[in-house]
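Undergrad: Structure below; questions to follow.
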Amino acid sequence: MLSVSIRKQRRDFSVSVAFDLNPGGSLALFGASGSGKSTVLSCIAGLEEPDQGYVRLNDVSLFPPGLPLHKRSIGYLTQEPNLFPHLSVRENVHFGVKNSSNGHFSAGLAEWISELRDRLDLSTLWDAPASGISGGQARRVSLARTLARRPSLLLLDEPFTGLDRQLVRKLIDDLIFWNQKLGFTMIAVDHQAEVLERLCPQQALVLEMGKIMQRGSWEELRHAPATEQLRSLLSPL
Amino acid sequence: MMRLAAPNLCIHEQGKIDTLTNSRKWLLRGAAALFALALLYPFTAFLADVGPWQWNESVRGPALSSVRVSLSLTALAMLIIVCVGTPLAAYIARCGMRERLIWQAVLLLPILLPPLALGILLTLAFGPAAKLGQILDRYGLVMTNSPLAFVVTQVYIGMGYFVLGAIAAFDGVPVMLEKQAALLGHTPLQVFARVTLPLSRLGLAVALSLAWVRAIGEFGAVVVTAYYPAGIPVQLWVNLQSFGLPSVMPLLVIFLAVALPFPWLVHVVAQRKRHA
């Protein structure tokens, strides 16, 4: 269970949100650019500390006090793949996975990494330097690296920005597949409703100026949007 | 006709651009060569008529001893500078702007001082006249005219150069990469070893080279704090005073031969690994 209740003062407004999410569940954070969505994710991941409140994941308190980042079982994907440029694709994917005492992976872990490599089409770039691959390939590597650790919670902060529709569709399918297989909890942020609706079909939470304006299914949001801004965001171009 | 002419024109224009780029490249290369010639011009003084170079026993013995002193004690000073300066620079690079400015002012002070003045201050602060000097002396730590005094002076001389350079090197490592590494389960020390250090190594190499060349060539401060054991710069001065220019020249050649390889190799290794 993920329990979040945070307040974080930003320069122009205060972000104040509270929600619970069942293990394995998914939640879409939807809103216009600058509405505070990324701040919420950042506070949950531990990149920023909330001014007040708490964050708990499966009975472990992430805040307060701030649990060190390396002790959090959280995967965090952002617009930037943030690959380690001095390492190869393989080394990037292995980065978060602990070796056994003799320096090798257990059979189960090796099989899991092979599955990630094959499903995300990384075999041909496996030994390539991470600094020399394309943006789309880097996103796939970043996803493999994050999932290799089998996080309890996956935070997605607009990780598909700038990618072509075909790749976005593929990555969403992969994420849904692994979400069902691994049972991690997932929170996704995006300003494109169609991306979020596919990724987190059950429920969405709408943010405006750091406040929750509406929470419900996508159907409810479309049928009775709580604000004019939400109506505008959901309407076709 | 037009349709045929257009591609030809394109090819011609492309060729023109290539030629321009090539000639610009040669122009820049020529300018760089001129700059290098100007920079290296003083070294033509090695060909100056100063009489036959002197390398007899009275010059050779102290000269070789000064090489040993300079290389071993400067290496020790660099070890201290790297061990203390690297974590300090990593801390300063990630602390708040105000605190960082204070640290940078502190680091600039020993760099800013004329070396002679720094030598005088070090002697007054650590020498037998100072309380601290007396306490250290009681424990056998002699702070004037000793190997310890030599190393301490070089640490004071080189530390600021290394730390300021290292801060700039660490600044070049995106903080988000370090945070991502931490979220992937790595402790701060592991993040530093596996992400921060490898990504900043070229800048660290430059910082270390600067500290090395500054320290090994230091004369003004060392001549006050550690006239004995004489390093190469002090020995050059002694040779000049005692035997004149003919005894300076061979030691200068030796100085270049022993002082240059280390910083140069550091650059080579850092750049090769970067492009690997």
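Residues are referred to by chain and number: the chain letter is A, B, ... according to the order shown in the structure tokens, the number counts from 1 in that chain, and ligands are numbered separately from 1 in the order shown.
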Using only C-alpha atoms, which residues sit within 8 Å of A:Ser217 once same-chain residues fewer than 6 positions away are excluded, as a list in words?
TA: Pro201, Gln202, Gln203 and Ala204 of chain A
Undergrad: Take the residues from that selection and write them out as a compact mmCIF listing (two decimals), in the first residue's frame, keeping N, CA and C atoms.
TA:
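Final output, saved to selection-v1.txt:
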# COMPACT_ATOMS: atom_id res chain seq x y z
N PRO A 201 -5.53 2.72 -16.65
CA PRO A 201 -6.92 2.86 -17.09
C PRO A 201 -7.92 3.02 -15.95
N GLN A 202 -7.54 2.57 -14.72
CA GLN A 202 -8.55 2.56 -13.65
C GLN A 202 -8.88 3.95 -13.14
N GLN A 203 -7.86 4.68 -12.72
CA GLN A 203 -8.16 5.95 -12.06
C GLN A 203 -7.14 7.03 -12.37
N ALA A 204 -7.62 8.26 -12.29
CA ALA A 204 -6.75 9.41 -12.53
C ALA A 204 -7.01 10.46 -11.46
Undergrad: What's around A:Pro65 at 10 Å? Count only C-alpha atoms, leave out sequence neighbours fewer than 5 positions away in its own chain, and write the answer as a list in words.
TA: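 Using only C-alpha atoms, the neighbours found are Glu49, Tyr54 and Val55 of chain A.
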Undergrad: Export C-alpha atoms of the chosen residues as a PDB file, in the first residue's frame?
TA:
ATOM      1  CA  GLU A  49      11.640  16.569   0.649  1.00  0.00           C
ATOM      2  CA  TYR A  54       4.196  11.590   5.079  1.00  0.00           C
ATOM      3  CA  VAL A  55       4.961   9.004   2.420  1.00  0.00           C
TER       4      VAL A  55
END
Undergrad: Using only C-alpha atoms, find the residues of chain B whose closest atom to chain A is at most 10 Å away, then write them as a ChimeraX atom specification.
TA: /B:174,176-188,191,194-195,198-199,273-276
Undergrad: Could you name the residues that touch stretch 210-213 of chain B at 9 Å or less, counting only C-alpha atoms, but leaving out those on the same chain fewer than 2 positions away, as a list in words?
TA: Thr74, Ala75, Ala77, Met78, Ile81, Gln154, Val155, Ile157, Gly158, Met159, Gly160, Tyr161, Phe162, Gly165, Ala205, Val206, Ala207, Leu208, Ala215, Ile216, Gly217, Glu218, Ala259, Leu260, Phe262 and Pro263 of chain B
Undergrad: May I have the selected residues written with C-alpha atoms, as an mmCIF file, in the first residue's frame?
TA:
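The result, written out as result-v1.cif:
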data_model
loop_
_atom_site.group_PDB
_atom_site.id
_atom_site.type_symbol
_atom_site.label_atom_id
_atom_site.label_comp_id
_atom_site.auth_asym_id
_atom_site.auth_seq_id
_atom_site.Cartn_x
_atom_site.Cartn_y
_atom_site.Cartn_z
ATOM 1 C CA THR B 74 55.982 16.107 -4.307
ATOM 2 C CA ALA B 75 54.419 12.680 -4.920
ATOM 3 C CA ALA B 77 52.198 15.961 -1.230
ATOM 4 C CA MET B 78 50.014 15.012 -4.216
ATOM 5 C CA ILE B 81 46.165 16.655 -1.757
ATOM 6 C CA GLN B 154 53.715 21.881 -1.232
ATOM 7 C CA VAL B 155 50.333 20.847 0.116
ATOM 8 C CA ILE B 157 50.775 25.509 -2.565
ATOM 9 C CA GLY B 158 48.921 22.849 -4.548
ATOM 10 C CA MET B 159 45.724 22.231 -2.584
ATOM 11 C CA GLY B 160 43.799 25.263 -3.849
ATOM 12 C CA TYR B 161 44.603 24.482 -7.488
ATOM 13 C CA PHE B 162 43.504 20.877 -7.130
ATOM 14 C CA GLY B 165 39.758 22.311 -10.442
ATOM 15 C CA ALA B 205 43.360 14.878 -14.146
ATOM 16 C CA VAL B 206 43.700 18.522 -15.188
ATOM 17 C CA ALA B 207 43.351 19.623 -11.548
ATOM 18 C CA LEU B 208 45.997 17.130 -10.420
ATOM 19 C CA ALA B 215 54.107 22.280 -6.460
ATOM 20 C CA ILE B 216 57.147 20.693 -8.102
ATOM 21 C CA GLY B 217 58.208 24.014 -9.595
ATOM 22 C CA GLU B 218 57.606 25.980 -6.406
ATOM 23 C CA ALA B 259 58.434 16.896 -13.981
ATOM 24 C CA LEU B 260 56.615 16.652 -17.316
ATOM 25 C CA PHE B 262 53.512 12.588 -14.739
ATOM 26 C CA PRO B 263 50.958 15.329 -15.613
#
Undergrad: Find the spatial neighbours of stretch 132-134 of chain A, counting only C-alpha atoms, within a cut-off of 9 Å - ignore same-chain residues fewer than 5 positions away - and output them as a list in words.
TA: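 Those residues are Pro85, Val89, Leu125 and Arg139 of chain A.
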Undergrad: So which residues touch A:Asp164 within 12 Å, counting only C-alpha atoms, skipping near sequence neighbours fewer than 5 positions away, as a list in words?
TA: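 Result of the neighbour search: Gly135, Gly136, Gln137, Arg139, Arg169, Lys170 and Leu171 of chain A.
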Undergrad: Might you pull out every residue within 6 Å of A:Ala188, with only C-alpha atoms counted and same-chain residues fewer than 6 positions away left off, and present them as a list in words?
TA: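 In the requested form, the answer reads Ala28, Leu155 and Leu156 of chain A.
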Undergrad: Could you please take those selected residues and save N, CA and C atoms as a compact mmCIF listing (two decimals), in the first residue's frame?
TA:
# COMPACT_ATOMS: atom_id res chain seq x y z
N ALA A 28 -2.96 7.63 -12.45
CA ALA A 28 -2.48 8.64 -13.39
C ALA A 28 -2.59 10.01 -12.72
N LEU A 155 7.63 5.01 -10.75
CA LEU A 155 7.18 6.38 -11.00
C LEU A 155 7.57 6.77 -12.42
N LEU A 156 6.61 7.21 -13.18
CA LEU A 156 6.87 7.56 -14.59
C LEU A 156 6.56 9.04 -14.80
Undergrad: Show me, as a list in words, the residues that have an atom within 8 Å of stretch 35-37 of chain A when counting only C-alpha atoms, minus same-chain residues fewer than 6 positions from it.
TA: Val15, Leu29, Val189, Leu207, Glu208, Met209 and Gly210 of chain A
Undergrad: Output N, CA and C atoms for every residue in that selection, as a PDB file, in the first residue's frame.
TA:
ATOM      1  N   VAL A  15       1.965  22.854  -3.331  1.00  0.00           N
ATOM      2  CA  VAL A  15       1.456  21.558  -3.793  1.00  0.00           C
ATOM      3  C   VAL A  15       0.957  20.803  -2.570  1.00  0.00           C
ATOM      4  N   LEU A  29      -1.501  10.770 -12.775  1.00  0.00           N
ATOM      5  CA  LEU A  29      -1.548  12.158 -12.313  1.00  0.00           C
ATOM      6  C   LEU A  29      -1.651  13.019 -13.567  1.00  0.00           C
ATOM      7  N   VAL A 189       2.801  10.220 -14.767  1.00  0.00           N
ATOM      8  CA  VAL A 189       2.500  11.633 -14.989  1.00  0.00           C
ATOM      9  C   VAL A 189       2.654  11.917 -16.473  1.00  0.00           C
ATOM     10  N   LEU A 207      -4.675  17.424 -11.184  1.00  0.00           N
ATOM     11  CA  LEU A 207      -4.029  18.488 -10.398  1.00  0.00           C
ATOM     12  C   LEU A 207      -4.122  19.825 -11.132  1.00  0.00           C
ATOM     13  N   GLU A 208      -4.417  20.865 -10.345  1.00  0.00           N
ATOM     14  CA  GLU A 208      -4.331  22.233 -10.874  1.00  0.00           C
ATOM     15  C   GLU A 208      -3.741  23.107  -9.789  1.00  0.00           C
ATOM     16  N   MET A 209      -2.706  23.830 -10.105  1.00  0.00           N
ATOM     17  CA  MET A 209      -2.019  24.701  -9.129  1.00  0.00           C
ATOM     18  C   MET A 209      -1.721  23.945  -7.828  1.00  0.00           C
ATOM     19  N   GLY A 210      -1.305  22.699  -7.959  1.00  0.00           N
ATOM     20  CA  GLY A 210      -0.880  21.912  -6.805  1.00  0.00           C
ATOM     21  C   GLY A 210      -1.999  21.286  -6.000  1.00  0.00           C
TER      22      GLY A 210
END
Undergrad: Write out as JSON, numbers by chain all residues of stretch 11-198 of chain B that backbone DSSP assigns to alpha helix (DSSP H).
TA: {"B": [11, 12, 13, 14, 15, 16, 17, 18, 19, 20, 21, 22, 23, 24, 25, 26, 27, 28, 29, 30, 31, 32, 33, 34, 35, 36, 37, 38, 39, 40, 57, 58, 59, 60, 61, 62, 63, 64, 65, 66, 67, 68, 69, 70, 71, 72, 73, 74, 75, 76, 77, 78, 79, 80, 81, 82, 83, 84, 85, 86, 87, 88, 89, 90, 91, 92, 93, 94, 97, 98, 99, 100, 101, 102, 103, 104, 105, 106, 107, 108, 109, 110, 111, 112, 115, 116, 117, 118, 119, 120, 121, 122, 123, 124, 125, 126, 131, 132, 133, 134, 135, 136, 137, 138, 147, 148, 149, 150, 151, 152, 153, 154, 155, 156, 157, 158, 159, 160, 161, 162, 163, 164, 165, 166, 167, 168, 169, 170, 171, 175, 176, 177, 178, 179, 180, 181, 182, 183, 188, 189, 190, 191, 197, 198]}
Undergrad: Calculate how many Å separate atom CA of A:Gly31 from atom CA of A:Arg198, rounding to one decimal.
TA: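 It comes out at 16.1 Å.
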Undergrad: Looking at only C-alpha atoms, which of A:Phe184, A:Phe177, A:Phe30, A:Phe19 is the one that sits closest to A:Arg56?
TA: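 Closest candidate: A:Phe19.
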